[in-house]
Amino acid sequence: MTITEATQVQNELREKVRIQPIDYPVNIIAGADISFNKFSTTVYAGIILLSFPDLKPLGYSLIKKEVHFPYVPGYLAFREVPALLDAWEQLPVKPDVLVVDGHGIAHPRRMGIAAHFGVVADTPALGCAKKVLCGKYEEPGLTKGSFTPLIHKEEIIGAALRTRDKVKPVFVSPGNKIDLQGAMSIINQCVGKYRIPEPTRQAHNAVNEFRKGNLEAGFTTLS
DNA sequence: GCGACAG
DNA sequence: ATCTTGTCGC
């Protein structure tokens, strides 16, 4: 697939994105992440299920897959979504909201990985990224919970959120079937002791252990 | 044309 | 993102 074709796919998927309030109780959330070897085409994907709002790990889905699409800013989904979908299909129950490591609509064409995955899997998803892809924002207050809007072309596409005092902010944006307020609410309730929210952090940890051979592929229920 | 650029 | 050592701060 060429970049031109990928762009066309994004423009088509874009019309299926739904930005709307969450109008049901959220009892289970999930975090998704990918890990890979710099000189290999093998990627390790994982999704961890957490109870909400108590954030207790319920289980994790791990999968290994070959990828050939390179990392290109603005096209991250084409590299990571296939593996994440495999991990997604292994889940015995789907989460009420999925937290993806990357942007939702805070993207040049409003189709970041969280929006892309959300549409393809037809599920509520939000993006929580560590860096900006596009848009500008003013530095939020230095205290935990402070946030400012992330703006691109006169449009509010997300928010810069300080998850802890005096740490760099993370960037939250809706992906699909959720709105910015809902995404901010979820992330605010997912912040534990670290800058990175628990769903993303725990997914990252699980995937790394998997890559090191300390965890097995498939779904594992935690007791 | 120039700079910026999720993971 | 990954690799990688020491180092600064709470």
# chains A, B, ... in the order shown; residues from 1 in each chain; ligands from 1
$ closest_atom_pairs --of "chain C" --to "chain A" --cutoff "10 Å" --atoms "only C-alpha atoms (C1' of nucleotides)" --output "JSON lines"
{"residue": "C:DA1", "atom": "C1'", "partner": "A:Ser35", "partner_atom": "CA", "distance": 7.4}
{"residue": "C:DT2", "atom": "C1'", "partner": "A:Lys38", "partner_atom": "CA", "distance": 5.9}
{"residue": "C:DC3", "atom": "C1'", "partner": "A:Lys38", "partner_atom": "CA", "distance": 9.4}
$ interface_residues --of "chain A" --to "chain B" --cutoff "9 Å" --atoms "only C-alpha atoms (C1' of nucleotides)" --output "count of residues only"
20
$ closest_residue --among "A:Ala114, A:Cys128, A:Ile28, A:Ala106" --to "A:Arg201" --atoms "only C-alpha atoms"
A:Cys128
$ residues_around --residues "A:Leu150" --least-positions-apart "4" --cutoff "10 Å" --atoms "only C-alpha atoms (C1' of nucleotides)" --output "list in words"
Ala106, Val132, Cys134, Gly135, Lys136, Tyr137, Glu138, Glu154, Glu155, Ile156, Ile157, Gly158, Ala159, Ala160, Leu161, Phe171, Val172 and Ser173 of chain A
$ write_last_selection --atoms "N, CA, C and O atoms" --output "compact mmCIF listing (two decimals), in the first residue's frame"
# COMPACT_ATOMS: atom_id res chain seq x y z
N ALA A 106 -6.73 14.12 16.76
CA ALA A 106 -5.69 15.16 16.78
C ALA A 106 -4.63 14.78 15.73
O ALA A 106 -3.50 14.42 16.06
N VAL A 132 2.88 15.85 20.45
CA VAL A 132 1.92 16.39 19.51
C VAL A 132 2.29 15.97 18.09
O VAL A 132 3.45 15.81 17.77
N CYS A 134 0.12 17.34 15.38
CA CYS A 134 -0.22 18.59 14.73
C CYS A 134 -1.02 19.45 15.69
O CYS A 134 -1.57 18.95 16.66
N GLY A 135 -1.08 20.73 15.41
CA GLY A 135 -1.83 21.61 16.28
C GLY A 135 -0.93 22.37 17.26
O GLY A 135 0.25 22.05 17.38
N LYS A 136 -1.52 23.36 17.88
CA LYS A 136 -0.77 24.17 18.84
C LYS A 136 -1.54 24.28 20.14
O LYS A 136 -2.76 24.13 20.17
N TYR A 137 -0.82 24.53 21.21
CA TYR A 137 -1.48 24.64 22.51
C TYR A 137 -0.64 25.52 23.42
O TYR A 137 0.55 25.71 23.19
N GLU A 138 -1.28 26.06 24.42
CA GLU A 138 -0.56 26.87 25.39
C GLU A 138 -0.25 25.95 26.54
O GLU A 138 -1.01 25.04 26.85
N GLU A 154 -8.05 26.28 13.52
CA GLU A 154 -9.23 26.87 14.16
C GLU A 154 -10.14 25.86 14.85
O GLU A 154 -11.24 26.18 15.26
N GLU A 155 -9.70 24.63 14.95
CA GLU A 155 -10.55 23.59 15.49
C GLU A 155 -9.93 22.96 16.74
O GLU A 155 -8.73 22.72 16.79
N ILE A 156 -10.76 22.73 17.76
CA ILE A 156 -10.26 22.07 18.96
C ILE A 156 -10.25 20.58 18.68
O ILE A 156 -11.30 19.97 18.49
N ILE A 157 -9.07 20.01 18.62
CA ILE A 157 -8.95 18.60 18.27
C ILE A 157 -8.56 17.71 19.45
O ILE A 157 -8.52 16.48 19.34
N GLY A 158 -8.27 18.34 20.59
CA GLY A 158 -7.87 17.54 21.74
C GLY A 158 -7.45 18.46 22.87
O GLY A 158 -7.79 19.64 22.87
N ALA A 159 -6.72 17.92 23.83
CA ALA A 159 -6.28 18.73 24.96
C ALA A 159 -4.91 18.28 25.46
O ALA A 159 -4.55 17.11 25.37
N ALA A 160 -4.16 19.27 25.96
CA ALA A 160 -2.86 18.98 26.58
C ALA A 160 -3.20 18.87 28.06
O ALA A 160 -3.69 19.84 28.64
N LEU A 161 -2.99 17.70 28.62
CA LEU A 161 -3.38 17.47 30.01
C LEU A 161 -2.18 17.13 30.90
O LEU A 161 -1.40 16.23 30.61
N PHE A 171 -1.35 14.23 25.56
CA PHE A 171 -2.32 14.81 24.64
C PHE A 171 -3.49 13.86 24.41
O PHE A 171 -3.31 12.77 23.84
N VAL A 172 -4.64 14.30 24.85
CA VAL A 172 -5.84 13.47 24.78
C VAL A 172 -6.77 13.93 23.67
O VAL A 172 -6.97 15.13 23.49
N SER A 173 -7.31 12.98 22.94
CA SER A 173 -8.27 13.34 21.89
C SER A 173 -9.23 12.18 21.66
O SER A 173 -8.88 11.02 21.86
$ atom_distance --atom1 "atom CA of A:Cys190" --atom2 "atom CA of A:Ile22"
16.3 Å
$ decode --residues "stretch 35-54 of chain A" --atoms "C-alpha atoms" --output "mmCIF file, in the first residue's frame"
data_model
loop_
_atom_site.group_PDB
_atom_site.id
_atom_site.type_symbol
_atom_site.label_atom_id
_atom_site.label_comp_id
_atom_site.auth_asym_id
_atom_site.auth_seq_id
_atom_site.Cartn_x
_atom_site.Cartn_y
_atom_site.Cartn_z
ATOM 1 C CA SER A 35 6.509 -3.068 21.000
ATOM 2 C CA PHE A 36 9.019 -4.088 18.365
ATOM 3 C CA ASN A 37 12.629 -4.710 17.560
ATOM 4 C CA LYS A 38 14.205 -1.922 15.598
ATOM 5 C CA PHE A 39 15.778 -4.286 13.076
ATOM 6 C CA SER A 40 12.922 -6.738 12.708
ATOM 7 C CA THR A 41 9.490 -6.804 11.094
ATOM 8 C CA THR A 42 8.030 -8.624 14.093
ATOM 9 C CA VAL A 43 5.801 -6.602 16.369
ATOM 10 C CA TYR A 44 4.314 -7.539 19.707
ATOM 11 C CA ALA A 45 0.841 -6.201 20.391
ATOM 12 C CA GLY A 46 -1.101 -6.229 23.590
ATOM 13 C CA ILE A 47 -4.387 -5.088 25.083
ATOM 14 C CA ILE A 48 -4.974 -5.119 28.807
ATOM 15 C CA LEU A 49 -8.419 -5.091 30.367
ATOM 16 C CA LEU A 50 -8.973 -3.103 33.548
ATOM 17 C CA SER A 51 -12.010 -2.699 35.767
ATOM 18 C CA PHE A 52 -13.236 0.875 36.001
ATOM 19 C CA PRO A 53 -12.889 3.074 37.903
ATOM 20 C CA ASP A 54 -10.891 0.916 40.305
#
